[in-house]
Amino acid sequence: MPSPPHTSSVPWAAWLALASSMALVGSYVGLSKLLVAAFPVFLLAWLRFGIAAVAMLHWLRRVPGEAPLSRRDRVLLFWESFIGNFLFSICMLYGVMATSALAAGVVMAAIPAAVALLARLFLGERIAPRIGAAIACAGCGIALLALARNPGGGAAAPWWGYALLLGAVVCEASYVVIGKRLTAQVSARRISALINLWGLALITPLGLWQARQFEFGAVAPGLWGLLVFYALAASMFSVWLWMQGLRHVPAPQAGVFTVMLPVSAALVGVWFLDEPLGAPHAAAFALALAGLLLATWPGPTQRG
């Protein structure tokens with residue numbers, strides 16, 4: 001009996017690239033908890049952008065046939081970096097420092113819902129009922145997590161930690177929306193390199209300020225290795241894997257793979273950082289995943 005026509009065209013390699021990209025993002029969000037315990041936040045962000053800038057020097061060249069950057073492109077690149085790189089890093093790092101990797105995973109699951117809200121506000125796209133339900137699930141999950149106490153009886157993390165993580169979600173959603181305007185004119189690799197350079201320029205004064213009194217010799221060798229992984233995963237590998245997957249998978253289907261972000265961040269928190277997981281935390285995580293899948297799962301007209 002002949003196999004179905006679509007069987008041979010299942011993009012397994014693309015799916016693996018998308019899932020790996022989001023798993024990388026979730027893992028470095030979770031593992032940043034270790035880094036913010038060793039480095040001041042501004043110094044950590046400065047080192048991250050600096051390492052990535054050296055690694056991505058060869059990405060700055062224009063690809064053959066690419067037009068020079070227009071004034072509009074340059075403005076968009078600045079805002080892409082300021083909101084999606086600079087502010088995202090500060091909000092995420094301070095938010096993880098005040099809460100937990102598990103909390104970051106739950107809150108980051110709201111990114112697709114936040115993208116839908118911003119697309120409605122700035123691009124005029126309609127919010128379908130399913131997206132409204134996703135936004136409600138994400139909000140309930142974050143609220144439940146913020147009110148939950150640790151299983152050992154400890155107090156909940158400070159409210160401003162969750163507010164900063166939510167700010168990071170809005171920054172990442174803005175990154176996606178602005179990126180929609182940029183990718184039509186500029187290659188993905190060059191966008192990544194240019195916005196990383198902007199991020200380095202913006203954070204350098206604050207990074208140098210904290211570097212003056214920092215004891216670099218007191219940092220364990222393993223943490224330097226983790227810092228290099230964080231820099232390359234955040235600025236290079238996760239972007240490249242995501243773009244590779246998007247070449248073969250429609251964007252609505254690719255969005256489903258963002259489920260790997262909160263899952264991997266939560267696994268890092270619970271398995272590697274020994275963060276407590278109580279019933280309220282599990283319920284908040286389930287709500288967050290439900291909202292993410294509602295927001296990203298392709299509808300009947302989007303499949304195929």
# chains A, B, ... in the order shown; residues from 1 in each chain; ligands from 1

call {"tool": "residues_around", "arguments": {"residues": "segment 97-114 of chain A", "least_positions_apart": "5", "cutoff": "8 Å", "atoms": "only C-alpha atoms", "output": "CSV table (one decimal) with N, CA and C atoms, in the first residue's frame"}}
result
chain,number,residue,atom,x,y,z
A,26,GLY,N,15.6,28.4,26.8
A,26,GLY,CA,15.1,28.0,28.1
A,26,GLY,C,16.3,27.7,29.1
A,29,VAL,N,18.2,30.8,30.1
A,29,VAL,CA,17.4,31.6,31.0
A,29,VAL,C,17.5,30.9,32.4
A,30,GLY,N,17.4,29.6,32.5
A,30,GLY,CA,17.5,28.9,33.8
A,30,GLY,C,18.9,29.0,34.4
A,31,LEU,N,19.9,28.7,33.6
A,31,LEU,CA,21.3,28.7,34.1
A,31,LEU,C,21.8,30.1,34.5
A,33,LYS,N,20.6,31.9,36.5
A,33,LYS,CA,20.5,32.1,37.9
A,33,LYS,C,21.9,31.9,38.6
A,36,VAL,N,24.1,35.2,37.7
A,36,VAL,CA,23.8,36.4,38.4
A,36,VAL,C,24.2,36.3,39.9
A,37,ALA,N,24.5,35.1,40.4
A,37,ALA,CA,25.0,34.9,41.7
A,37,ALA,C,26.5,35.2,41.8
A,92,MET,N,15.3,40.3,32.4
A,92,MET,CA,15.4,38.9,32.6
A,92,MET,C,16.4,38.5,33.7
A,131,ILE,N,-6.8,33.1,21.1
A,131,ILE,CA,-5.7,33.9,21.6
A,131,ILE,C,-6.1,34.6,22.9
A,134,ALA,N,-5.7,32.2,25.6
A,134,ALA,CA,-4.3,32.0,25.9
A,134,ALA,C,-3.8,33.1,26.8
A,135,ILE,N,-4.2,34.3,26.5
A,135,ILE,CA,-3.8,35.5,27.3
A,135,ILE,C,-4.3,35.3,28.8
A,138,ALA,N,-2.2,32.5,30.5
A,138,ALA,CA,-0.9,33.1,30.9
A,138,ALA,C,-1.0,34.0,32.1
A,139,GLY,N,-2.0,34.9,32.1
A,139,GLY,CA,-2.2,35.8,33.3
A,139,GLY,C,-2.5,35.0,34.6
A,141,GLY,N,-1.7,31.9,35.3
A,141,GLY,CA,-0.5,31.1,35.7
A,141,GLY,C,0.5,32.0,36.4
A,142,ILE,N,0.7,33.2,35.9
A,142,ILE,CA,1.7,34.1,36.5
A,142,ILE,C,1.2,34.6,37.8
A,145,LEU,N,1.5,31.8,40.4
A,145,LEU,CA,2.9,31.6,40.7
A,145,LEU,C,3.4,32.7,41.7
A,157,ALA,N,8.5,34.9,46.3
A,157,ALA,CA,9.5,35.9,45.8
A,157,ALA,C,8.8,37.3,45.7
A,158,PRO,N,9.6,38.3,45.8
A,158,PRO,CA,9.1,39.7,45.7
A,158,PRO,C,8.3,39.9,44.4
A,161,GLY,N,10.1,41.0,41.2
A,161,GLY,CA,10.8,40.1,40.4
A,161,GLY,C,9.9,39.5,39.3
A,162,TYR,N,8.7,39.2,39.6
A,162,TYR,CA,7.7,38.8,38.5
A,162,TYR,C,7.4,39.9,37.6
A,165,LEU,N,10.3,40.0,35.1
A,165,LEU,CA,10.1,38.9,34.2
A,165,LEU,C,9.0,39.2,33.1
A,166,LEU,N,7.9,39.8,33.6
A,166,LEU,CA,6.9,40.2,32.7
A,166,LEU,C,7.4,41.3,31.7
A,169,VAL,N,9.2,39.6,29.0
A,169,VAL,CA,8.3,39.1,28.1
A,169,VAL,C,7.8,40.1,27.1
A,170,VAL,N,7.5,41.3,27.5
A,170,VAL,CA,7.1,42.4,26.7
A,170,VAL,C,8.2,42.8,25.7
A,172,GLU,N,10.7,40.8,24.7
A,172,GLU,CA,10.9,39.8,23.7
A,172,GLU,C,9.8,39.8,22.7
A,173,ALA,N,8.6,40.1,23.1
A,173,ALA,CA,7.5,40.2,22.1
A,173,ALA,C,7.7,41.4,21.2
A,255,GLY,N,5.7,28.1,15.8
A,255,GLY,CA,5.4,28.7,17.1
A,255,GLY,C,5.1,27.7,18.2
A,258,THR,N,7.9,26.8,20.7
A,258,THR,CA,8.3,27.7,21.8
A,258,THR,C,7.9,27.0,23.2
A,259,VAL,N,7.1,25.9,23.1
A,259,VAL,CA,6.8,25.2,24.4
A,259,VAL,C,8.1,24.7,25.0
A,261,LEU,N,10.8,26.3,25.5
A,261,LEU,CA,11.5,27.3,26.3
A,261,LEU,C,11.1,27.2,27.8
A,262,PRO,N,9.8,27.3,28.1
A,262,PRO,CA,9.5,27.1,29.6
A,262,PRO,C,9.8,25.7,30.1
A,263,VAL,N,9.6,24.7,29.3
A,263,VAL,CA,9.9,23.3,29.8
A,263,VAL,C,11.4,23.2,30.2
A,264,SER,N,12.3,23.7,29.3
A,264,SER,CA,13.7,23.5,29.6
A,264,SER,C,14.1,24.4,30.7
A,265,ALA,N,13.6,25.6,30.8
A,265,ALA,CA,13.9,26.5,32.0
A,265,ALA,C,13.5,25.9,33.3
A,266,ALA,N,12.3,25.3,33.3
A,266,ALA,CA,11.8,24.7,34.5
A,266,ALA,C,12.6,23.4,34.9
A,267,LEU,N,13.0,22.7,33.9
A,267,LEU,CA,13.8,21.5,34.2
A,267,LEU,C,15.1,21.8,34.7
A,268,VAL,N,15.7,22.9,34.2
A,268,VAL,CA,17.0,23.4,34.8
A,268,VAL,C,16.8,23.8,36.2
A,269,GLY,N,15.7,24.5,36.5
A,269,GLY,CA,15.5,25.0,37.8
A,269,GLY,C,15.3,23.8,38.8
A,270,VAL,N,14.5,22.9,38.4
A,270,VAL,CA,14.1,21.8,39.4
A,270,VAL,C,15.2,20.7,39.5
A,275,GLU,N,15.5,23.7,42.8
A,275,GLU,CA,14.4,24.6,43.2
A,275,GLU,C,13.2,23.8,43.6
A,284,ALA,N,0.6,26.4,38.1
A,284,ALA,CA,0.9,27.6,37.3
A,284,ALA,C,1.6,27.2,36.0
A,285,PHE,N,2.5,26.2,36.1
A,285,PHE,CA,3.2,25.8,34.9
A,285,PHE,C,2.3,25.2,33.9
A,288,ALA,N,0.4,27.9,32.2
A,288,ALA,CA,1.3,28.6,31.3
A,288,ALA,C,1.5,27.8,30.0
A,289,LEU,N,1.7,26.5,30.1
A,289,LEU,CA,1.8,25.7,28.9
A,289,LEU,C,0.5,25.6,28.1
A,291,GLY,N,-1.7,28.0,27.9
A,291,GLY,CA,-1.8,29.3,27.2
A,291,GLY,C,-0.9,29.3,26.0
A,292,LEU,N,0.3,28.8,26.2
A,292,LEU,CA,1.3,28.8,25.1
A,292,LEU,C,0.8,28.0,23.9
A,295,ALA,N,-2.0,29.6,22.1
A,295,ALA,CA,-1.6,30.8,21.3
A,295,ALA,C,-0.9,30.3,20.0
A,296,THR,N,-0.2,29.2,20.0
A,296,THR,CA,0.7,28.8,18.9
A,296,THR,C,0.2,27.6,18.1

call {"tool": "select_by_dssp", "arguments": {"residues": "segment 9-191 of chain A", "states": "helix (DSSP H, G or I)", "output": "count of residues only"}}
result
142

call {"tool": "atom_distance", "arguments": {"atom1": "atom CA of Leu87 of chain A", "atom2": "atom CA of Cys171 of chain A"}}
result
6.8 Å

call {"tool": "closest_atom_pairs", "arguments": {"of": "segment 63-182 of chain A", "to": "segment 38-51 of chain A", "cutoff": "10 Å", "atoms": "only C-alpha atoms", "output": "Markdown table"}}
result
| residue | atom | partner | partner_atom | distance |
| --- | --- | --- | --- | --- |
| A:Asn85 | CA | A:Phe49 | CA | 9.2 |
| A:Phe86 | CA | A:Ala45 | CA | 8.2 |
| A:Ser89 | CA | A:Ala45 | CA | 6.7 |
| A:Ile90 | CA | A:Val41 | CA | 7.0 |
| A:Cys91 | CA | A:Val41 | CA | 9.7 |
| A:Met92 | CA | A:Val41 | CA | 9.8 |
| A:Leu93 | CA | A:Val41 | CA | 6.5 |
| A:Tyr94 | CA | A:Val41 | CA | 6.9 |
| A:Met97 | CA | A:Val41 | CA | 9.1 |

call {"tool": "write_last_selection", "arguments": {"atoms": "C-alpha atoms", "output": "tab-separated table (two decimals), in the first residue's frame"}}
result
chain	number	residue	atom	x	y	z
A	85	ASN	CA	18.48	42.91	23.69
A	86	PHE	CA	19.41	45.59	26.23
A	89	SER	CA	18.69	41.18	29.33
A	90	ILE	CA	18.39	43.58	32.28
A	91	CYS	CA	14.78	42.62	33.08
A	92	MET	CA	15.41	38.90	32.64
A	93	LEU	CA	18.62	38.78	34.70
A	94	TYR	CA	17.29	40.88	37.59
A	97	MET	CA	17.91	36.77	40.42

call {"tool": "closest_residue", "arguments": {"among": "A:Gln185, A:Ser70, A:Ser192, A:Thr204", "to": "Ser238 of chain A", "atoms": "only C-alpha atoms"}}
result
A:Ser192

call {"tool": "residues_around", "arguments": {"residues": "segment 57-64 of chain A", "least_positions_apart": "2", "cutoff": "7 Å", "atoms": "only C-alpha atoms", "output": "short mmCIF file (atom, residue, chain, number, x, y, z; two decimals) with N, CA and C atoms, in the first residue's frame"}}
result
data_model
loop_
_atom_site.label_atom_id
_atom_site.label_comp_id
_atom_site.auth_asym_id
_atom_site.auth_seq_id
_atom_site.Cartn_x
_atom_site.Cartn_y
_atom_site.Cartn_z
N ALA A 53 29.97 39.54 20.34
CA ALA A 53 30.43 40.45 19.28
C ALA A 53 31.68 39.91 18.60
N VAL A 54 32.61 39.37 19.37
CA VAL A 54 33.82 38.79 18.79
C VAL A 54 33.46 37.58 17.92
N ALA A 55 32.54 36.75 18.43
CA ALA A 55 32.17 35.53 17.69
C ALA A 55 31.40 35.83 16.41
N GLU A 66 22.19 41.88 -1.03
CA GLU A 66 21.48 42.61 0.03
C GLU A 66 21.71 44.10 -0.13
N ARG A 189 21.28 36.74 10.01
CA ARG A 189 22.60 36.73 10.65
C ARG A 189 23.11 38.15 10.86
N ARG A 190 22.90 39.01 9.87
CA ARG A 190 23.39 40.39 10.01
C ARG A 190 22.58 41.15 11.05
N ALA A 193 23.98 40.18 14.43
CA ALA A 193 25.28 40.79 14.72
C ALA A 193 25.15 42.28 15.01
N LEU A 194 24.32 42.99 14.24
CA LEU A 194 24.19 44.43 14.42
C LEU A 194 23.48 44.79 15.72
#

call {"tool": "atom_distance", "arguments": {"atom1": "atom CA of Leu164 of chain A", "atom2": "atom CA of Ala188 of chain A"}}
result
27.6 Å
